[in-house]
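**Student:** Below: one structure in structure tokens.
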Protein chains: 2
Amino acid sequence: MLTIKDIARESGYSVSTVSRVLNDRKDVSPEAKRKIEKTVAAHQFIPNSNAKHLKQSSSRNIAVLVKGSSNLLFSSIVEEIQKRIEKTNFKTCIIYVDEEDNEVKEAVKACRERKPVGIMFLGGNPEFFQEGFGQIKIPSVLVSNRGDELGFANLSSVAIDDVAAGEFAVDYLIGGGHRKIGILGGDFALSDVSRQRYKGCIHGFQKHQIKFDGKLYFEGSRFTYQGAYQAMKRLLKKAKDITVVFAMSDVMAIGAIRALLDCGKQVPEDISVMGFDGIAVGEYYNPKLTTIQQKYKVLAERSVDILLQAMGESHAPIHEIVPFHLIPGESVRSLRQDTFSKIIIE
Amino acid sequence: MLTIKDIARESGYSVSTVSRVLNDRKDVSPEAKRKIEKTVAAHQFIPNSNAKHLKQSSSRNIAVLVKGSSNLLFSSIVEEIQKRIEKTNFKTCIIYVDEEDNEVKEAVKACRERKPVGIMFLGGNPEFFQEGFGQIKIPSVLVSNRGDELGFANLSSVAIDDVAAGEFAVDYLIGGGHRKIGILGGDFALSDVSRQRYKGCIHGFQKHQIKFDGKLYFEGSRFTYQGAYQAMKRLLKKAKDITVVFAMSDVMAIGAIRALLDCGKQVPEDISVMGFDGIAVGEYYNPKLTTIQQKYKVLAERSVDILLQAMGESHAPIHEIVPFHLIPGESVRSLRQDTFSKIIIE
DNA sequence: CTGTTAGCGCTTTCAA
DNA sequence: TTGAAAGCGCTAACAG
């Protein structure tokens, strides 16, 4: 194996000068730099990264913990994150965690094994953070969940306002003349996002002074096609008078629609379905999904930028709220003649 | 930071003995082992992997190159692979490569940067392998593409027989009374899998002595919803008499169905669509996709096992063919009264 | 600007 | 069965 010593010998400089060139230091004469770079190139020499990081005992890895592999929004975000990190001289290290597992524990484990210099959490349960995030000392960012209330000095966050989004959804559906609204979400014990959106929904109902019986009109499941499929069937049994279902993810919406179809209901003629996330397949589904879109590019971009910033200067954490958007599709119909009342949000 | 020295001091043994225990060597007295393990556990000590691998200058990483992030079959396979590798003492390192990029070049880069001990390629273009795989010296496995004809001593493969699958699809559709069959696949220059399946289709047509005009009845695009959507529209313009479309992925099938719906066609009443891969959403789509399933669990399981084997003993490469399966859905209708002729394949 | 040198944490002879 | 000591390839004081 080629080492820095060989390059030193061949180029006629010492190992330290070679090391300096390799690390792009400025205290090297242009000539030394040129010569050394030439020999490095000639041998396609690549420094041994284990040796390099032995001393600093850290890597250039950014760990990306993805919670729930069925979450297609996260898939899109991961892709963008990876693209963006590739442009820097950091490396991405993607770790998938089950929807029901403890992502903070996994992160702690990853810290020991891979020594990342930063962590991105795609999804997360605040309780796990409260319990275990104290052990993590490196800059981190929570993506798609709000982290401001957790109050960790090294935890930033980028997310939409889920409460507002929940309220917006209910508002929109009520605006379309719906009164009997079913809701499909995650298990509140596991999904804070579900809790937040649900809270928003309740606000929406209160605002319009419509009664909502959570016991009857809400069903929880995993964020998967299958989970939502079954949850929809349960919901249909107990809440027979619903005219619309608000599903807290597009994957759930699709599972729900399939369940409705299998029960002989037309969507949206008999029952409407509203989704959440704005993933690609929604636009190609039949019917096209009416949904609340989270812009995955914006989420990815902002989270990477914030993490890089936090890894550089030692800032106070940043908690950023990004906007959500309504994507009108075909899966929700208006029960009023004048179609939907105009709601504009930005 | 806790080091092996600290453990040595605390346990009352030397660093070498601690090292031996850490590496599960047998030349240690049971007592020493017990005591040292106790202190290790007490401090949750994890050896520094940089230092550990400095000598051997390799990691415990297995690089997984995923070609085409829109490929949902690959997403499922990746998940399984990760689960499976987690059980060993290797680590997964997932790298996404664009459908149109050179995965072998990326692998070479990854080898330098991350020093993996094995590589899994999810998808790949044989031409890129011919050009560049010679540079890669570590055991690798090509998943979902056949690698036997490439003839590299360190490249195994696990895949279905794409030619047979293509033929099977056409056979099946002809069995259902279809004669005018449109085909949607990838760009032949980039996707060997597309070429193979297409070849199989041609065999199918020949077998039944049906003429097939590729210029008119085939359209290529990226393996995305959008790509297939547009390709379907192009196909519909030039091949107006098709009764069915065979899409070479479920994602493409969904893009195609949406395009057909947007052109006022009913699926399968006016035009049928057959997919490929058997991804989750197909089962929840409307109509449910009739598709050729590749069992992602089997692919994942076999590829990991084969790679681990290759990394252990220095075997001849293994090229394994796994079976595919027909999943009857609702998106293909029979044009014959007796429905589909029975075809059984295993 | 450049070279010398002392480690980084661990594994691995070699000797006891 | 154990310990002492010599590196693995690189970085970073420090001295020139």
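All residue names refer to the structure tokens as shown: chains lettered A, B, ... in order, residues numbered from 1 in each chain, ligands numbered from 1 in order.
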What are the closest atom pairs, with distances in Å to one decimal, for all residues of chain B lying within 10 Å of chain A? Consider only C-alpha atoms, order rows by chain and residue number, and present the result as a tab-separated table.

**Tutor:**
residue	atom	partner	partner_atom	distance
B:Met1	CA	A:Ser57	CA	9.3
B:Gln44	CA	A:Arg112	CA	9.9
B:Phe45	CA	A:Arg112	CA	9.1
B:Ile46	CA	A:Arg112	CA	6.6
B:Pro47	CA	A:Arg112	CA	8.5
B:Asn48	CA	A:Ser57	CA	7.6
B:Ser49	CA	A:Glu113	CA	7.0
B:Asn50	CA	A:Asn50	CA	4.6
B:Ala51	CA	A:Leu54	CA	5.6
B:Lys52	CA	A:Asn50	CA	8.5
B:His53	CA	A:Asn50	CA	6.5
B:Leu54	CA	A:Asn50	CA	5.2
B:Lys55	CA	A:Ala51	CA	8.5
B:Gln56	CA	A:Asn50	CA	9.5
B:Ser57	CA	A:Asn50	CA	6.6
B:Ser58	CA	A:Asn50	CA	8.0
B:Ser59	CA	A:Asn50	CA	8.3
B:Ser69	CA	A:Glu79	CA	7.3
B:Ser70	CA	A:Ser76	CA	8.8
B:Leu72	CA	A:Leu72	CA	9.5
B:Ser75	CA	A:Ser69	CA	8.2
B:Ser76	CA	A:Ser69	CA	8.3
B:Val78	CA	A:Tyr96	CA	9.5
B:Glu79	CA	A:Ser69	CA	7.3
B:Gln82	CA	A:Tyr96	CA	7.9
B:Lys83	CA	A:Tyr96	CA	8.8
B:Lys91	CA	A:Glu113	CA	9.1
B:Thr92	CA	A:Ile95	CA	8.2
B:Cys93	CA	A:Cys93	CA	6.1
B:Ile94	CA	A:Ile94	CA	6.2
B:Ile95	CA	A:Thr92	CA	8.2
B:Tyr96	CA	A:Glu79	CA	7.4
B:Val97	CA	A:Glu79	CA	9.6
B:Asp98	CA	A:Glu79	CA	9.9
B:Arg112	CA	A:Ile46	CA	6.7
B:Glu113	CA	A:Ser49	CA	7.3
B:Arg114	CA	A:Ser49	CA	7.7
B:Lys115	CA	A:Ser49	CA	8.5
B:Thr224	CA	A:Ala280	CA	9.5
B:Tyr225	CA	A:Tyr284	CA	7.2
B:Gln226	CA	A:Tyr284	CA	8.6
B:Tyr229	CA	A:Tyr284	CA	8.6
B:Val251	CA	A:Val281	CA	8.5
B:Ile254	CA	A:Tyr284	CA	6.6
B:Gly255	CA	A:Tyr284	CA	6.1
B:Ala256	CA	A:Tyr284	CA	8.9
B:Ile257	CA	A:Tyr284	CA	8.0
B:Arg258	CA	A:Tyr284	CA	5.4
B:Ala259	CA	A:Tyr284	CA	8.3
B:Leu261	CA	A:Asn286	CA	8.3
B:Asp262	CA	A:Tyr284	CA	10.0
B:Ala280	CA	A:Tyr225	CA	7.7
B:Val281	CA	A:Tyr225	CA	7.3
B:Glu283	CA	A:Arg258	CA	8.6
B:Tyr284	CA	A:Arg258	CA	5.4
B:Tyr285	CA	A:Tyr285	CA	6.9
B:Asn286	CA	A:Asn286	CA	5.8
B:Pro287	CA	A:Asn286	CA	8.0
B:Lys288	CA	A:Arg258	CA	8.8

**Student:** May I have the residues from that selection written out with C-alpha atoms, as a PDB file, in the first residue's frame?

**Tutor:**
ATOM      1  CA  MET B   1     -12.548   9.504  25.377  1.00  0.00           C
ATOM      2  CA  GLN B  44     -20.105   0.852  27.620  1.00  0.00           C
ATOM      3  CA  PHE B  45     -16.711   0.914  26.050  1.00  0.00           C
ATOM      4  CA  ILE B  46     -16.611   0.758  22.249  1.00  0.00           C
ATOM      5  CA  PRO B  47     -13.210   0.393  20.597  1.00  0.00           C
ATOM      6  CA  ASN B  48     -12.236   3.148  18.210  1.00  0.00           C
ATOM      7  CA  SER B  49     -12.787   1.659  14.819  1.00  0.00           C
ATOM      8  CA  ASN B  50     -10.356   3.990  13.094  1.00  0.00           C
ATOM      9  CA  ALA B  51      -7.561   2.752  15.262  1.00  0.00           C
ATOM     10  CA  LYS B  52      -8.725  -0.789  14.891  1.00  0.00           C
ATOM     11  CA  HIS B  53      -8.684  -0.703  11.138  1.00  0.00           C
ATOM     12  CA  LEU B  54      -5.662   1.492  10.775  1.00  0.00           C
ATOM     13  CA  LYS B  55      -3.427  -1.498  10.343  1.00  0.00           C
ATOM     14  CA  GLN B  56      -5.577  -3.492   8.013  1.00  0.00           C
ATOM     15  CA  SER B  57      -6.634  -0.251   6.385  1.00  0.00           C
ATOM     16  CA  SER B  58     -10.071  -1.543   5.650  1.00  0.00           C
ATOM     17  CA  SER B  59     -13.400  -1.061   7.331  1.00  0.00           C
ATOM     18  CA  SER B  69     -33.926   6.360  -6.392  1.00  0.00           C
ATOM     19  CA  SER B  70     -37.372   6.152  -7.968  1.00  0.00           C
ATOM     20  CA  LEU B  72     -39.329   1.308  -5.295  1.00  0.00           C
ATOM     21  CA  SER B  75     -36.072   0.646  -1.755  1.00  0.00           C
ATOM     22  CA  SER B  76     -37.596  -2.522  -0.423  1.00  0.00           C
ATOM     23  CA  VAL B  78     -32.268  -1.952   0.489  1.00  0.00           C
ATOM     24  CA  GLU B  79     -34.348  -2.143   3.608  1.00  0.00           C
ATOM     25  CA  GLN B  82     -29.781  -3.354   5.802  1.00  0.00           C
ATOM     26  CA  LYS B  83     -31.732  -5.462   8.270  1.00  0.00           C
ATOM     27  CA  LYS B  91     -22.033  -1.964   8.522  1.00  0.00           C
ATOM     28  CA  THR B  92     -24.078  -0.813   5.582  1.00  0.00           C
ATOM     29  CA  CYS B  93     -23.197   2.220   3.619  1.00  0.00           C
ATOM     30  CA  ILE B  94     -25.913   3.202   1.157  1.00  0.00           C
ATOM     31  CA  ILE B  95     -25.080   5.298  -1.857  1.00  0.00           C
ATOM     32  CA  TYR B  96     -27.741   6.465  -4.288  1.00  0.00           C
ATOM     33  CA  VAL B  97     -26.748   6.858  -7.906  1.00  0.00           C
ATOM     34  CA  ASP B  98     -28.884   8.428 -10.588  1.00  0.00           C
ATOM     35  CA  ARG B 112     -11.216   4.997  -2.057  1.00  0.00           C
ATOM     36  CA  GLU B 113     -13.212   7.056   0.352  1.00  0.00           C
ATOM     37  CA  ARG B 114     -14.830   4.450   2.510  1.00  0.00           C
ATOM     38  CA  LYS B 115     -12.756   1.328   2.011  1.00  0.00           C
ATOM     39  CA  THR B 224     -40.267   7.205 -13.171  1.00  0.00           C
ATOM     40  CA  TYR B 225     -43.950   8.068 -13.000  1.00  0.00           C
ATOM     41  CA  GLN B 226     -43.390  11.159 -15.059  1.00  0.00           C
ATOM     42  CA  TYR B 229     -46.573   9.181 -18.242  1.00  0.00           C
ATOM     43  CA  VAL B 251     -43.916   2.734 -11.347  1.00  0.00           C
ATOM     44  CA  ILE B 254     -48.817   3.658 -12.772  1.00  0.00           C
ATOM     45  CA  GLY B 255     -47.491   6.543 -14.839  1.00  0.00           C
ATOM     46  CA  ALA B 256     -48.966   4.886 -17.914  1.00  0.00           C
ATOM     47  CA  ILE B 257     -52.369   4.279 -16.349  1.00  0.00           C
ATOM     48  CA  ARG B 258     -52.584   7.890 -15.267  1.00  0.00           C
ATOM     49  CA  ALA B 259     -51.728   8.972 -18.787  1.00  0.00           C
ATOM     50  CA  LEU B 261     -56.976   8.029 -17.729  1.00  0.00           C
ATOM     51  CA  ASP B 262     -56.037  11.572 -18.646  1.00  0.00           C
ATOM     52  CA  ALA B 280     -46.472  -2.492  -2.445  1.00  0.00           C
ATOM     53  CA  VAL B 281     -48.423   0.347  -4.019  1.00  0.00           C
ATOM     54  CA  GLU B 283     -51.775  -3.765  -4.615  1.00  0.00           C
ATOM     55  CA  TYR B 284     -53.400  -0.536  -3.460  1.00  0.00           C
ATOM     56  CA  TYR B 285     -53.630   1.169  -6.813  1.00  0.00           C
ATOM     57  CA  ASN B 286     -56.899   1.599  -8.615  1.00  0.00           C
ATOM     58  CA  PRO B 287     -57.055  -0.666 -10.537  1.00  0.00           C
ATOM     59  CA  LYS B 288     -54.887  -3.138  -8.662  1.00  0.00           C
TER      60      LYS B 288
END

**Student:** What are the residues of chain D lining chain B at 12 Å or less? Count only C-alpha atoms (C1' of nucleotides), and put the answer as a PyMOL selection string.

**Tutor:** chain D and resi 1-5+7-10

**Student:** Can you tell me which residues surround DT5 of chain C at a distance of at most 12 Å, considering only C-alpha atoms (C1' of nucleotides), apart from same-chain residues fewer than 2 positions away, and format the answer as a PDB file with N, CA and C atoms (P, O5', C5', C4', C3', O3' and C1' of nucleotides), in the first residue's frame?

**Tutor:**
ATOM      1  N   VAL A  15       7.192  14.258   4.949  1.00  0.00           N
ATOM      2  CA  VAL A  15       5.792  13.843   5.119  1.00  0.00           C
ATOM      3  C   VAL A  15       4.903  15.001   5.545  1.00  0.00           C
ATOM      4  N   SER A  16       5.441  15.875   6.367  1.00  0.00           N
ATOM      5  CA  SER A  16       4.569  16.962   6.848  1.00  0.00           C
ATOM      6  C   SER A  16       4.178  17.893   5.707  1.00  0.00           C
TER       7      SER A  16
ATOM      8  P    DG C   3      11.164  19.581   3.464  1.00  0.00           P
ATOM      9  O5'  DG C   3      11.595  19.198   4.950  1.00  0.00           O
ATOM     10  C5'  DG C   3      12.868  19.603   5.407  1.00  0.00           C
ATOM     11  C4'  DG C   3      13.044  19.226   6.862  1.00  0.00           C
ATOM     12  C3'  DG C   3      12.801  17.746   7.162  1.00  0.00           C
ATOM     13  O3'  DG C   3      13.829  17.315   8.043  1.00  0.00           O
ATOM     14  C1'  DG C   3      11.423  19.088   8.545  1.00  0.00           C
ATOM     15  P    DG C   7       4.654  11.783  23.160  1.00  0.00           P
ATOM     16  O5'  DG C   7       4.468  10.422  22.338  1.00  0.00           O
ATOM     17  C5'  DG C   7       3.245   9.712  22.440  1.00  0.00           C
ATOM     18  C4'  DG C   7       2.131  10.506  21.778  1.00  0.00           C
ATOM     19  C3'  DG C   7       0.884   9.646  21.578  1.00  0.00           C
ATOM     20  O3'  DG C   7      -0.259  10.368  21.973  1.00  0.00           O
ATOM     21  C1'  DG C   7       1.671  10.469  19.482  1.00  0.00           C
TER      22       DG C   7
ATOM     23  P    DT D  11      -3.239  13.664   7.192  1.00  0.00           P
ATOM     24  O5'  DT D  11      -3.009  14.182   8.680  1.00  0.00           O
ATOM     25  C5'  DT D  11      -4.042  13.976   9.630  1.00  0.00           C
ATOM     26  C4'  DT D  11      -3.647  14.614  10.940  1.00  0.00           C
ATOM     27  C3'  DT D  11      -3.396  16.113  10.874  1.00  0.00           C
ATOM     28  O3'  DT D  11      -4.046  16.665  12.019  1.00  0.00           O
ATOM     29  C1'  DT D  11      -1.510  15.025  11.789  1.00  0.00           C
ATOM     30  P    DA D  12      -4.193  18.227  12.162  1.00  0.00           P
ATOM     31  O5'  DA D  12      -3.079  18.563  13.249  1.00  0.00           O
ATOM     32  C5'  DA D  12      -3.063  17.816  14.465  1.00  0.00           C
ATOM     33  C4'  DA D  12      -1.918  18.316  15.300  1.00  0.00           C
ATOM     34  C3'  DA D  12      -1.688  19.826  15.205  1.00  0.00           C
ATOM     35  O3'  DA D  12      -1.110  20.236  16.437  1.00  0.00           O
ATOM     36  C1'  DA D  12       0.192  18.738  14.391  1.00  0.00           C
ATOM     37  P    DA D  13      -1.787  21.499  17.167  1.00  0.00           P
ATOM     38  O5'  DA D  13      -0.722  22.529  17.690  1.00  0.00           O
ATOM     39  C5'  DA D  13       0.582  22.362  17.434  1.00  0.00           C
ATOM     40  C4'  DA D  13       1.333  21.697  18.583  1.00  0.00           C
ATOM     41  C3'  DA D  13       2.446  22.590  19.082  1.00  0.00           C
ATOM     42  O3'  DA D  13       2.846  22.310  20.409  1.00  0.00           O
ATOM     43  C1'  DA D  13       3.280  20.846  17.659  1.00  0.00           C
ATOM     44  P    DC D  14       3.694  23.401  21.168  1.00  0.00           P
ATOM     45  O5'  DC D  14       5.142  23.234  20.519  1.00  0.00           O
ATOM     46  C5'  DC D  14       5.814  21.972  20.621  1.00  0.00           C
ATOM     47  C4'  DC D  14       7.069  22.042  19.781  1.00  0.00           C
ATOM     48  C3'  DC D  14       7.790  23.393  19.880  1.00  0.00           C
ATOM     49  O3'  DC D  14       9.085  23.165  20.403  1.00  0.00           O
ATOM     50  C1'  DC D  14       7.597  22.652  17.615  1.00  0.00           C
ATOM     51  P    DA D  15      10.034  24.418  20.678  1.00  0.00           P
ATOM     52  O5'  DA D  15      11.109  24.149  19.544  1.00  0.00           O
ATOM     53  C5'  DA D  15      11.437  22.789  19.200  1.00  0.00           C
ATOM     54  C4'  DA D  15      12.290  22.827  17.959  1.00  0.00           C
ATOM     55  C3'  DA D  15      13.283  23.988  17.909  1.00  0.00           C
ATOM     56  O3'  DA D  15      14.518  23.485  17.431  1.00  0.00           O
ATOM     57  C1'  DA D  15      11.887  24.050  15.987  1.00  0.00           C
TER      58       DA D  15
END

**Student:** Can you check which parts of segment 122-229 of chain B lie within 9 Å of segment 290-312 of chain B? Per residue, the shortest pair of atoms and distance in Å to one decimal, counting only C-alpha atoms, sorted by chain and number, as a tab-separated table.

**Tutor:**
residue	atom	partner	partner_atom	distance
B:Ile138	CA	B:Met311	CA	8.0
B:Pro139	CA	B:Met311	CA	5.9
B:Ser140	CA	B:Leu307	CA	6.5
B:Val141	CA	B:Leu307	CA	6.2
B:Leu142	CA	B:Ser303	CA	8.0
B:Val143	CA	B:Ser303	CA	6.6
B:Ser144	CA	B:Leu299	CA	7.4
B:Asn154	CA	B:Ala310	CA	7.9
B:Ser156	CA	B:Ile306	CA	7.5
B:Ser157	CA	B:Ser303	CA	7.3
B:Val158	CA	B:Ser303	CA	6.0
B:Ala159	CA	B:Leu299	CA	7.0
B:Ile160	CA	B:Gln294	CA	7.3
B:Ala165	CA	B:Ile292	CA	7.7
B:Ala169	CA	B:Ile292	CA	7.6

**Student:** Could you pull out the alpha helix (DSSP H) residues of segment 212-331 of chain B, going by DSSP on the backbone, and write them as a PyMOL selection string?

**Tutor:** chain B and resi 214-217+225-238+250-262+280-284+296-312

**Student:** Would you write out those residues with C-alpha atoms, as an mmCIF file, in the first residue's frame?

**Tutor:**
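Written output follows (result14.cif):
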data_model
loop_
_atom_site.group_PDB
_atom_site.id
_atom_site.type_symbol
_atom_site.label_atom_id
_atom_site.label_comp_id
_atom_site.auth_asym_id
_atom_site.auth_seq_id
_atom_site.Cartn_x
_atom_site.Cartn_y
_atom_site.Cartn_z
ATOM 1 C CA GLY B 214 -40.744 -2.173 -32.125
ATOM 2 C CA LYS B 215 -40.532 1.231 -33.767
ATOM 3 C CA LEU B 216 -44.234 1.675 -33.358
ATOM 4 C CA TYR B 217 -45.109 -0.327 -30.288
ATOM 5 C CA TYR B 225 -43.950 8.068 -13.000
ATOM 6 C CA GLN B 226 -43.390 11.159 -15.059
ATOM 7 C CA GLY B 227 -41.179 9.501 -17.642
ATOM 8 C CA ALA B 228 -43.683 6.734 -18.200
ATOM 9 C CA TYR B 229 -46.573 9.181 -18.242
ATOM 10 C CA GLN B 230 -45.060 11.019 -21.153
ATOM 11 C CA ALA B 231 -43.912 7.841 -22.879
ATOM 12 C CA MET B 232 -47.433 6.461 -22.650
ATOM 13 C CA LYS B 233 -48.803 9.560 -24.322
ATOM 14 C CA ARG B 234 -46.286 9.206 -27.127
ATOM 15 C CA LEU B 235 -47.118 5.535 -27.493
ATOM 16 C CA LEU B 236 -50.818 6.221 -27.621
ATOM 17 C CA LYS B 237 -50.305 8.616 -30.480
ATOM 18 C CA LYS B 238 -48.406 6.244 -32.691
ATOM 19 C CA ASP B 250 -44.894 -0.894 -11.668
ATOM 20 C CA VAL B 251 -43.916 2.734 -11.347
ATOM 21 C CA MET B 252 -44.060 2.943 -15.125
ATOM 22 C CA ALA B 253 -47.352 1.094 -15.156
ATOM 23 C CA ILE B 254 -48.817 3.658 -12.772
ATOM 24 C CA GLY B 255 -47.491 6.543 -14.839
ATOM 25 C CA ALA B 256 -48.966 4.886 -17.914
ATOM 26 C CA ILE B 257 -52.369 4.279 -16.349
ATOM 27 C CA ARG B 258 -52.584 7.890 -15.267
ATOM 28 C CA ALA B 259 -51.728 8.972 -18.787
ATOM 29 C CA LEU B 260 -54.412 6.717 -20.204
ATOM 30 C CA LEU B 261 -56.976 8.029 -17.729
ATOM 31 C CA ASP B 262 -56.037 11.572 -18.646
ATOM 32 C CA ALA B 280 -46.472 -2.492 -2.445
ATOM 33 C CA VAL B 281 -48.423 0.347 -4.019
ATOM 34 C CA GLY B 282 -49.487 -1.876 -6.920
ATOM 35 C CA GLU B 283 -51.775 -3.765 -4.615
ATOM 36 C CA TYR B 284 -53.400 -0.536 -3.460
ATOM 37 C CA TYR B 296 -37.486 -8.454 -2.842
ATOM 38 C CA LYS B 297 -36.898 -10.473 0.295
ATOM 39 C CA VAL B 298 -35.464 -13.366 -1.624
ATOM 40 C CA LEU B 299 -33.286 -11.074 -3.711
ATOM 41 C CA ALA B 300 -32.017 -9.304 -0.611
ATOM 42 C CA GLU B 301 -31.454 -12.457 1.367
ATOM 43 C CA ARG B 302 -29.623 -14.311 -1.343
ATOM 44 C CA SER B 303 -27.436 -11.378 -2.286
ATOM 45 C CA VAL B 304 -26.310 -10.715 1.250
ATOM 46 C CA ASP B 305 -25.605 -14.373 1.836
ATOM 47 C CA ILE B 306 -23.659 -14.690 -1.374
ATOM 48 C CA LEU B 307 -21.637 -11.581 -0.645
ATOM 49 C CA LEU B 308 -20.780 -12.689 2.867
ATOM 50 C CA GLN B 309 -19.740 -16.041 1.504
ATOM 51 C CA ALA B 310 -17.574 -14.430 -1.145
ATOM 52 C CA MET B 311 -15.999 -12.183 1.473
ATOM 53 C CA GLY B 312 -15.176 -15.186 3.585
#

**Student:** If we count only C-alpha atoms (C1' of nucleotides), what is near Ser19 of chain B at a cut-off of 10 Å, once residues fewer than 3 positions away on the same chain are taken out, given as a list in words?

**Tutor:**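 After dropping sequence-adjacent residues, the list is Ile4, Lys5, Ile7, Ala8, Ser14, Val15, Ser16, Leu22, Asn23, Asp24, Arg25, Ile36 and Pro47 of chain B; DC10 and DT11 of chain C.
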
**Student:** Deliver the residues from the most recent selection as a file, using N, CA and C atoms (P, O5', C5', C4', C3', O3' and C1' of nucleotides), as a tab-separated table (two decimals), in the first residue's frame.

**Tutor:**
chain	number	residue	atom	x	y	z
B	4	ILE	N	-8.69	1.73	25.35
B	4	ILE	CA	-8.38	0.38	25.79
B	4	ILE	C	-7.45	0.42	27.02
B	5	LYS	N	-6.68	1.48	27.09
B	5	LYS	CA	-5.78	1.65	28.24
B	5	LYS	C	-6.55	1.79	29.54
B	7	ILE	N	-9.49	0.72	30.18
B	7	ILE	CA	-10.08	-0.58	30.52
B	7	ILE	C	-9.01	-1.48	31.13
B	8	ALA	N	-7.82	-1.42	30.53
B	8	ALA	CA	-6.71	-2.24	31.04
B	8	ALA	C	-6.43	-1.87	32.50
B	14	SER	N	-3.41	-6.10	31.11
B	14	SER	CA	-2.70	-5.26	30.15
B	14	SER	C	-3.57	-5.00	28.92
B	15	VAL	N	-3.14	-4.00	28.15
B	15	VAL	CA	-3.91	-3.68	26.94
B	15	VAL	C	-4.00	-4.89	26.00
B	16	SER	N	-2.96	-5.66	25.95
B	16	SER	CA	-3.03	-6.79	25.00
B	16	SER	C	-4.08	-7.79	25.40
B	22	LEU	N	-11.52	-8.35	23.58
B	22	LEU	CA	-12.34	-7.57	22.64
B	22	LEU	C	-12.49	-8.28	21.30
B	23	ASN	N	-11.46	-9.02	20.95
B	23	ASN	CA	-11.50	-9.69	19.65
B	23	ASN	C	-11.85	-11.17	19.76
B	24	ASP	N	-12.33	-11.52	20.93
B	24	ASP	CA	-12.85	-12.87	21.12
B	24	ASP	C	-11.82	-13.96	20.87
B	25	ARG	N	-10.63	-13.68	21.27
B	25	ARG	CA	-9.59	-14.69	21.13
B	25	ARG	C	-9.73	-15.73	22.24
B	36	ILE	N	-12.68	-8.52	32.43
B	36	ILE	CA	-12.54	-7.47	31.43
B	36	ILE	C	-13.89	-7.14	30.79
B	47	PRO	N	-14.54	0.11	21.15
B	47	PRO	CA	-13.21	0.39	20.60
B	47	PRO	C	-13.31	1.38	19.44
C	10	DC	P	-9.01	1.81	21.67
C	10	DC	O5'	-8.20	0.78	20.77
C	10	DC	C5'	-8.67	0.55	19.44
C	10	DC	C4'	-7.65	-0.25	18.67
C	10	DC	C3'	-7.44	-1.67	19.18
C	10	DC	O3'	-8.07	-2.57	18.28
C	10	DC	C1'	-5.37	-0.57	18.65
C	11	DT	P	-8.03	-4.13	18.60
C	11	DT	O5'	-6.68	-4.56	17.85
C	11	DT	C5'	-6.62	-4.44	16.44
C	11	DT	C4'	-5.29	-4.95	15.95
C	11	DT	C3'	-5.03	-6.43	16.20
C	11	DT	O3'	-4.46	-6.94	15.00
C	11	DT	C1'	-3.27	-5.16	17.11

**Student:** Within 8 Å of chain A, which residues belong to chain C? Use only C-alpha atoms (C1' of nucleotides) and report them as a list in words.

**Tutor:** DC1, DT2, DG3, DC8 and DG9 of chain C

**Student:** Restricted to C-alpha atoms (C1' of nucleotides), what would the selected residues look like written as a PDB file, in the first residue's frame?

**Tutor:**
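Wrote again.pdb, looks like this:
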ATOM      1  C1'  DC C   1       8.091  27.762   4.294  1.00  0.00           C
ATOM      2  C1'  DT C   2       9.882  23.080   5.756  1.00  0.00           C
ATOM      3  C1'  DG C   3      11.423  19.088   8.545  1.00  0.00           C
ATOM      4  C1'  DC C   8      -3.742   9.017  17.992  1.00  0.00           C
ATOM      5  C1'  DG C   9      -5.946   3.711  19.899  1.00  0.00           C
TER       6       DG C   9
END

**Student:** List the spatial neighbours of Gly132 of chain B as a PyMOL selection string - criterion: any atom at most 12 Å away, only C-alpha atoms (C1' of nucleotides), same-chain residues fewer than 4 positions off excluded.

**Tutor:** chain B and resi 102-109+125-128+136-137+150+152

**Student:** Those selected residues, please, written with C-alpha atoms and delivered as a PDB file, in the first residue's frame.

**Tutor:**
ATOM      1  CA  ASN B 102     -22.137   5.395 -13.916  1.00  0.00           C
ATOM      2  CA  GLU B 103     -22.490   3.244 -10.824  1.00  0.00           C
ATOM      3  CA  VAL B 104     -19.112   1.597 -11.320  1.00  0.00           C
ATOM      4  CA  LYS B 105     -17.314   4.927 -11.221  1.00  0.00           C
ATOM      5  CA  GLU B 106     -19.191   5.766  -8.057  1.00  0.00           C
ATOM      6  CA  ALA B 107     -18.168   2.434  -6.604  1.00  0.00           C
ATOM      7  CA  VAL B 108     -14.523   3.064  -7.404  1.00  0.00           C
ATOM      8  CA  LYS B 109     -14.812   6.433  -5.695  1.00  0.00           C
ATOM      9  CA  ASN B 125     -25.358  -1.275 -16.684  1.00  0.00           C
ATOM     10  CA  PRO B 126     -23.135  -4.079 -18.018  1.00  0.00           C
ATOM     11  CA  GLU B 127     -21.249  -1.634 -20.190  1.00  0.00           C
ATOM     12  CA  PHE B 128     -20.110   0.344 -17.197  1.00  0.00           C
ATOM     13  CA  ILE B 136     -12.539  -3.067  -8.178  1.00  0.00           C
ATOM     14  CA  LYS B 137     -10.813  -5.828  -6.334  1.00  0.00           C
ATOM     15  CA  LEU B 150     -19.373 -10.282 -17.524  1.00  0.00           C
ATOM     16  CA  PHE B 152     -15.376 -11.092 -13.382  1.00  0.00           C
TER      17      PHE B 152
END
